[in-house]
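Text of structure32.tsv, listed as TSV, C-alpha atoms:
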chain	number	residue	atom	x	y	z
A	1	MET	CA	0.00	0.00	0.00
A	2	PRO	CA	1.51	3.42	-0.94
A	3	LEU	CA	2.91	5.43	1.95
A	4	PHE	CA	1.83	8.73	0.42
A	5	PRO	CA	-1.48	9.94	-1.05
A	6	LYS	CA	-2.01	10.95	-4.63
A	7	PRO	CA	-0.45	14.33	-5.57
A	8	PHE	CA	-2.19	17.51	-4.45
A	9	LEU	CA	-1.89	21.24	-5.11
A	10	VAL	CA	0.53	23.04	-2.81
A	11	GLY	CA	-1.13	25.53	-0.48
A	12	ALA	CA	1.39	28.27	-1.21
A	13	VAL	CA	0.49	28.13	-4.88
A	14	LEU	CA	-3.24	28.05	-4.26
A	15	SER	CA	-3.04	31.07	-1.97
A	16	ALA	CA	-1.42	32.99	-4.82
A	17	GLY	CA	-4.35	32.09	-7.08
A	18	LEU	CA	-2.24	29.92	-9.37
A	19	ALA	CA	-3.04	26.51	-10.80
A	20	GLY	CA	0.39	25.07	-10.07
A	21	PRO	CA	1.86	21.64	-10.66
A	22	ALA	CA	0.88	18.82	-8.33
A	23	LEU	CA	3.26	17.75	-5.60
A	24	GLY	CA	3.10	14.86	-3.20
A	25	ALA	CA	2.70	15.62	0.49
A	26	CYS	CA	5.75	16.36	2.58
A	27	ARG	CA	5.14	14.45	5.76
A	28	ASP	CA	6.83	13.01	8.81
A	29	VAL	CA	7.97	9.42	8.57
A	30	SER	CA	9.39	7.30	11.42
A	31	HIS	CA	11.75	4.39	10.78
A	32	LEU	CA	13.85	2.39	13.25
A	33	GLY	CA	13.22	4.96	15.95
A	34	GLN	CA	14.31	7.94	13.84
A	35	ASP	CA	12.23	10.73	12.31
A	36	TYR	CA	12.40	12.03	8.75
A	37	ILE	CA	10.63	14.38	6.36
A	38	ALA	CA	9.76	12.66	3.07
A	39	CYS	CA	8.32	14.46	0.03
A	40	THR	CA	7.06	12.71	-3.10
A	41	VAL	CA	7.01	14.23	-6.56
A	42	ASP	CA	5.53	12.67	-9.69
A	43	PRO	CA	7.93	13.54	-12.55
A	44	ALA	CA	5.13	13.01	-15.08
A	45	ASP	CA	3.22	15.97	-13.62
A	46	ASN	CA	6.04	18.17	-12.31
A	47	ASP	CA	9.06	19.93	-13.78
A	48	ILE	CA	12.04	18.68	-11.76
A	49	ARG	CA	15.25	20.55	-12.57
A	50	LEU	CA	18.89	20.92	-11.51
A	51	TYR	CA	20.60	24.25	-10.85
A	52	ASN	CA	24.06	25.41	-9.82
A	53	LYS	CA	24.91	28.83	-11.29
A	54	ASP	CA	22.90	31.84	-12.43
A	55	GLN	CA	23.01	33.39	-15.90
A	56	ALA	CA	26.13	35.35	-14.92
A	57	GLY	CA	27.94	32.15	-13.95
A	58	VAL	CA	27.74	32.80	-10.20
A	59	PRO	CA	26.61	29.99	-7.86
A	60	PHE	CA	23.13	30.56	-6.48
A	61	ARG	CA	24.22	29.50	-2.97
A	62	SER	CA	20.66	29.71	-1.57
A	63	PHE	CA	17.06	28.81	-2.31
A	64	ARG	CA	16.17	32.51	-2.12
A	65	ALA	CA	18.62	33.48	-4.88
A	66	LEU	CA	17.34	30.70	-7.12
A	67	SER	CA	13.74	31.69	-6.47
A	68	LEU	CA	14.46	35.32	-7.36
A	69	GLU	CA	16.06	34.38	-10.67
A	70	LEU	CA	13.15	32.09	-11.53
A	71	ARG	CA	10.74	34.96	-10.96
A	72	HIS	CA	12.61	37.00	-13.57
A	73	ARG	CA	11.74	34.18	-15.98
A	74	ASP	CA	8.05	34.19	-14.96
A	75	GLU	CA	8.59	30.95	-13.04
A	76	TYR	CA	8.30	29.99	-9.39
A	77	MET	CA	9.76	27.35	-7.09
A	78	LEU	CA	7.43	24.87	-5.40
A	79	PHE	CA	10.05	22.66	-3.76
A	80	ALA	CA	13.84	22.42	-3.53
A	81	MET	CA	16.62	20.45	-1.89
A	82	ASN	CA	20.41	20.58	-1.99
A	83	GLY	CA	21.30	18.30	-4.86
A	84	GLY	CA	24.78	16.84	-4.66
A	85	MET	CA	28.30	17.38	-3.36
A	86	TYR	CA	30.45	20.32	-4.35
A	87	HIS	CA	33.92	21.86	-4.14
A	88	ASP	CA	34.87	24.90	-2.07
A	89	ASP	CA	33.84	27.15	-4.97
A	90	LEU	CA	30.39	25.45	-4.94
A	91	SER	CA	30.99	23.74	-8.30
A	92	PRO	CA	29.82	20.09	-8.60
A	93	VAL	CA	32.20	17.28	-7.66
A	94	GLY	CA	30.59	14.94	-10.20
A	95	LEU	CA	28.24	14.91	-13.15
A	96	HIS	CA	25.98	17.93	-13.51
A	97	ILE	CA	23.61	18.41	-16.44
A	98	GLU	CA	21.20	21.30	-16.98
A	99	GLU	CA	18.91	21.44	-20.01
A	100	ARG	CA	20.98	18.66	-21.66
A	101	ARG	CA	24.21	20.65	-21.26
A	102	GLU	CA	26.91	18.80	-19.33
A	103	GLN	CA	28.51	21.30	-16.98
A	104	ALA	CA	30.66	18.78	-15.10
A	105	PRO	CA	31.61	15.24	-16.21
A	106	LEU	CA	30.88	11.89	-14.60
A	107	ASN	CA	33.42	11.25	-11.83
A	108	THR	CA	34.30	7.62	-11.04
A	109	ASN	CA	37.71	8.33	-9.52
A	110	THR	CA	38.75	6.80	-6.24
A	111	GLY	CA	39.35	9.16	-3.35
A	112	TRP	CA	38.43	10.19	0.17
A	113	GLY	CA	34.99	10.99	1.52
A	114	ASN	CA	31.40	9.95	0.98
A	115	PHE	CA	31.35	10.81	-2.72
A	116	HIS	CA	34.09	8.25	-3.35
A	117	LEU	CA	32.52	5.54	-1.20
A	118	LEU	CA	31.90	3.51	-4.35
A	119	PRO	CA	29.55	2.86	-5.91
A	120	ASN	CA	28.30	6.40	-6.12
A	121	GLY	CA	25.44	7.27	-8.42
A	122	VAL	CA	23.37	9.60	-10.57
A	123	PHE	CA	19.87	11.01	-10.21
A	124	TYR	CA	18.46	12.03	-13.59
A	125	VAL	CA	15.25	13.40	-15.10
A	126	ASP	CA	14.01	13.26	-18.69
A	127	ASN	CA	10.69	13.28	-20.55
A	128	GLY	CA	8.50	12.99	-17.47
A	129	LYS	CA	10.52	10.18	-15.91
A	130	ALA	CA	13.25	10.02	-13.29
A	131	GLY	CA	15.81	7.44	-12.25
A	132	VAL	CA	18.67	6.63	-9.93
A	133	LEU	CA	21.56	4.47	-11.16
A	134	SER	CA	25.05	3.68	-9.98
A	135	ALA	CA	27.62	5.70	-11.92
A	136	ASP	CA	28.88	2.66	-13.82
A	137	ALA	CA	25.34	1.60	-14.75
A	138	TYR	CA	24.52	5.15	-15.84
A	139	ARG	CA	27.56	5.22	-18.12
A	140	ALA	CA	26.75	1.81	-19.58
A	141	ALA	CA	23.15	2.85	-20.28
A	142	ASP	CA	24.39	5.80	-22.39
A	143	ILE	CA	21.60	8.03	-21.05
A	144	ARG	CA	21.33	11.63	-22.30
A	145	PRO	CA	18.94	13.22	-19.79
A	146	ARG	CA	17.61	16.74	-19.54
A	147	PHE	CA	18.89	17.08	-15.97
A	148	ALA	CA	21.26	15.00	-13.85
A	149	THR	CA	23.38	15.19	-10.72
A	150	GLN	CA	25.98	12.80	-9.32
A	151	SER	CA	26.56	12.18	-5.64
A	152	GLY	CA	27.54	9.33	-3.39
A	153	PRO	CA	27.40	6.85	-2.03
A	154	MET	CA	24.47	4.96	-3.47
A	155	LEU	CA	22.13	4.02	-0.63
A	156	VAL	CA	20.19	1.22	-2.34
A	157	ILE	CA	21.30	-0.58	-5.51
A	158	ASP	CA	18.69	-2.77	-7.20
A	159	GLY	CA	17.14	-3.56	-3.83
A	160	ALA	CA	20.44	-4.20	-2.01
A	161	LEU	CA	22.04	-1.89	0.54
A	162	HIS	CA	25.44	-0.41	-0.19
A	163	PRO	CA	27.93	-3.12	0.89
A	164	ARG	CA	29.90	-0.77	3.15
A	165	PHE	CA	27.01	0.18	5.44
A	166	LEU	CA	27.10	-1.15	9.00
A	167	PRO	CA	23.96	-1.55	11.13
A	168	ASP	CA	25.94	-0.59	14.27
A	169	SER	CA	27.97	2.28	12.80
A	170	THR	CA	28.70	5.17	15.16
A	171	SER	CA	28.90	7.71	12.31
A	172	LEU	CA	25.75	9.79	12.77
A	173	LYS	CA	24.97	12.80	10.57
A	174	THR	CA	21.94	14.71	9.38
A	175	ARG	CA	21.44	13.26	5.89
A	176	ASN	CA	19.34	13.82	2.81
A	177	GLY	CA	18.81	11.70	-0.28
A	178	VAL	CA	16.58	10.82	-3.20
A	179	GLY	CA	15.00	7.60	-4.41
A	180	VAL	CA	12.62	6.50	-7.15
A	181	THR	CA	9.78	4.16	-6.25
A	182	VAL	CA	8.73	1.08	-8.20
A	183	THR	CA	5.86	3.17	-9.61
A	184	GLY	CA	8.19	5.95	-10.80
A	185	GLU	CA	7.60	8.62	-8.17
A	186	VAL	CA	10.57	10.54	-6.80
A	187	VAL	CA	10.97	10.63	-3.02
A	188	PHE	CA	13.15	13.28	-1.38
A	189	VAL	CA	14.07	12.68	2.26
A	190	VAL	CA	15.89	14.61	4.97
A	191	SER	CA	16.50	13.30	8.48
A	192	LYS	CA	15.38	15.39	11.43
A	193	ARG	CA	18.35	14.28	13.51
A	194	PRO	CA	21.72	12.61	12.87
A	195	VAL	CA	21.35	9.03	11.55
A	196	ARG	CA	23.64	6.30	10.25
A	197	PHE	CA	23.87	5.36	6.58
A	198	HIS	CA	22.46	1.87	7.18
A	199	ASP	CA	19.23	3.13	8.74
A	200	PHE	CA	18.83	5.85	6.12
A	201	ALA	CA	19.20	3.31	3.32
A	202	THR	CA	16.71	0.85	4.82
A	203	LEU	CA	14.19	3.69	5.06
A	204	PHE	CA	14.27	4.05	1.27
A	205	ARG	CA	14.22	0.32	0.59
A	206	ASP	CA	11.83	-0.99	3.22
A	207	ALA	CA	9.50	1.92	4.03
A	208	LEU	CA	9.47	3.99	0.84
A	209	ASP	CA	9.60	1.16	-1.72
A	210	CYS	CA	12.62	2.55	-3.59
A	211	PRO	CA	14.80	-0.16	-5.20
A	212	ASN	CA	17.41	2.51	-5.99
A	213	ALA	CA	18.30	5.51	-3.85
A	214	LEU	CA	21.15	8.01	-3.68
A	215	PHE	CA	22.72	9.94	-0.82
A	216	LEU	CA	22.85	13.66	-1.61
A	217	ASP	CA	24.78	15.08	1.35
A	218	GLY	CA	25.08	15.28	5.10
A	219	THR	CA	25.14	18.05	7.72
A	220	ILE	CA	24.32	20.79	5.17
A	221	SER	CA	21.10	18.95	4.23
A	222	SER	CA	18.60	21.67	3.32
A	223	LEU	CA	14.96	21.75	2.30
A	224	TYR	CA	12.58	24.29	0.78
A	225	ALA	CA	9.00	23.06	1.20
A	226	PRO	CA	6.41	25.84	1.59
A	227	ASP	CA	3.59	23.37	2.23
A	228	ILE	CA	5.21	22.61	5.60
A	229	ASN	CA	6.66	26.12	6.10
A	230	ARG	CA	10.23	24.91	5.69
A	231	HIS	CA	12.93	27.16	4.21
A	232	ASP	CA	16.45	26.24	5.33
A	233	ARG	CA	19.07	29.00	5.12
A	234	LEU	CA	22.01	27.89	7.25
A	235	PHE	CA	24.51	26.70	4.64
A	236	PRO	CA	25.65	27.84	1.18
A	237	MET	CA	24.77	25.22	-1.43
A	238	GLY	CA	26.23	24.03	-4.71
A	239	PRO	CA	23.87	21.99	-6.92
A	240	MET	CA	20.17	22.26	-6.09
A	241	ILE	CA	17.18	20.19	-7.20
A	242	ALA	CA	14.00	22.24	-7.68
A	243	VAL	CA	10.43	21.68	-8.80
A	244	VAL	CA	9.43	24.65	-10.95
A	245	GLY	CA	6.13	26.05	-12.20
A	246	LYS	CA	5.31	28.84	-14.64
A	247	PHE	CA	3.21	31.92	-13.94
A	248	PRO	CA	0.23	32.23	-16.30
A	249	ARG	CA	0.55	34.89	-18.98

Can you dump the structure from the file as structure tokens?
Amino acid sequence: MPLFPKPFLVGAVLSAGLAGPALGACRDVSHLGQDYIACTVDPADNDIRLYNKDQAGVPFRSFRALSLELRHRDEYMLFAMNGGMYHDDLSPVGLHIEERREQAPLNTNTGWGNFHLLPNGVFYVDNGKAGVLSADAYRAADIRPRFATQSGPMLVIDGALHPRFLPDSTSLKTRNGVGVTVTGEVVFVVSKRPVRFHDFATLFRDALDCPNALFLDGTISSLYAPDINRHDRLFPMGPMIAVVGKFPR
């Protein structure tokens, strides 16, 4: 039985008198004694995009800056989340594609840190569908999506947890990630408190019915969700995932 209801119109959009895209409810979810916020989005009915820099080539850094630029294009932001790891200059560590333009290449190098806890993976969107694949599987599939971001590690890979996750790990961080359900809906999740990778991954697999899921980042995990009055502002961000609507003309 689905955890979330069918998509509904966001209150912030309705209050503005706009017939906006439909979003799934952002709601509290409990799993293994920990609390999370999970938001579902149907890519068939919503415009899910990736952003990093504005038209002048300057990183947006915040949801507010991105929202302001969208308004100049007669568009508005219904939902957003930090969307992948980045360097000190806020540029993406791995693959980043906007409107079919590759702005950073796929990165399968070995190295230090969560991004290089292989396998890492790619979240991508194209033609009303979304997916999560390990980086190697993404490369082999020769996908050319409209939008994509790479992060790591993978949380769930074809129904299996990442092999490096330990159920008794003492590494606890606030974490956020994205998964795609068996019915094709995208689920964005952020933990309310520090959690271990193992528990976060089993949330996607066992409670949210996502056979593939990707870790986006930890500690800086940020969410913009006006339907629950959430607008995080604490940390500068590199890549961001946003659901965008257009103002009527």

Checklist entry - Could you list as a PyMOL selection string every residue that has an atom within 12 Å of (33.8, 2.3, -12.9), using the file's coordinates and counting all atoms listed in the file? => result chain A and resi 106-110+116+118-121+134-140

Checklist entry - Separation of atom CA of Tyr36 of chain A and atom CA of Lys192 of chain A, in Å? => result 5.2 Å

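For Asn114 of chain A, the set of protein, DNA and RNA residues having any atom at most 10 Å away, when counting all atoms listed in the file and skipping those fewer than 5 positions along the same chain, is Met85, Asn120, Ser151, Gly152, Pro153, Met154, Phe215, Leu216, Asp217 and Gly218 of chain A.
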
Checklist entry - Near Ser30 of chain A, counting all atoms listed in the file, which residues have an atom at most 12 Å away, once you skip same-chain residues fewer than 6 positions from it, shown as a list in words? => result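 Contacts, with the query itself left out: Leu3, Tyr36, Ile37, Ala38, Val189, Val190, Ser191, Lys192, Arg193, Asp199, Phe200, Thr202, Leu203, Phe204, Asp206, Ala207 and Leu208 of chain A.
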
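When all atoms listed in the file are used to measure the gap to Asp47 of chain A, the shortest distance among A:Ile220, A:Ala130, A:Cys210, A:Ala201 belongs to A:Ala130.
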
Item to check | Point-to-point distance in Å for atom CA of Thr40 of chain A and atom CA of Leu68 of chain A | outcome: 24.2 Å

Next on the checklist: I'd like the interatomic distance between atom CA of Ile97 of chain A and atom CA of Leu133 of chain A, to a tenth of an Å.
Outcome noted: 15.0 Å

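With all atoms listed in the file as the basis for measurement, A:Asn127 is the residue among A:Thr170, A:Ser67, A:Thr181, A:Asn127 that approaches Glu99 of chain A most closely.
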
Next on the checklist: If we count only C-alpha atoms and set the cut-off at 9 Å, which residues sit around Tyr124 of chain A, ignoring sequence neighbours fewer than 2 positions away in its own chain? Please answer as a count of residues only.
Outcome noted: 14

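Remark: for His72 of chain A, the closest of the candidate residues A:Phe247, A:His162, A:Asp227, A:Arg233 is A:Phe247 (distances computed over only C-alpha atoms).
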
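Closest approach to Asn52 of chain A among A:Val125, A:Leu32, A:Leu161, A:Ala65: A:Ala65, based on all atoms listed in the file.
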
Checklist entry - From the set A:Pro92, A:Pro167, A:Gly111, A:Gly179, which residue has the shortest atom-to-atom contact distance to Ala213 of chain A, counting only C-alpha atoms? => result A:Gly179

Given 5 Å of margin on each side, can you work out the centre and size in Å (one decimal) of an axis-aligned box holding every listed atom of segment 131-148 of chain A, as AutoDock Vina command-line options?
--center_x 22.3 --center_y 9.3 --center_z -16.2 --size_x 23.1 --size_y 25.5 --size_z 22.5
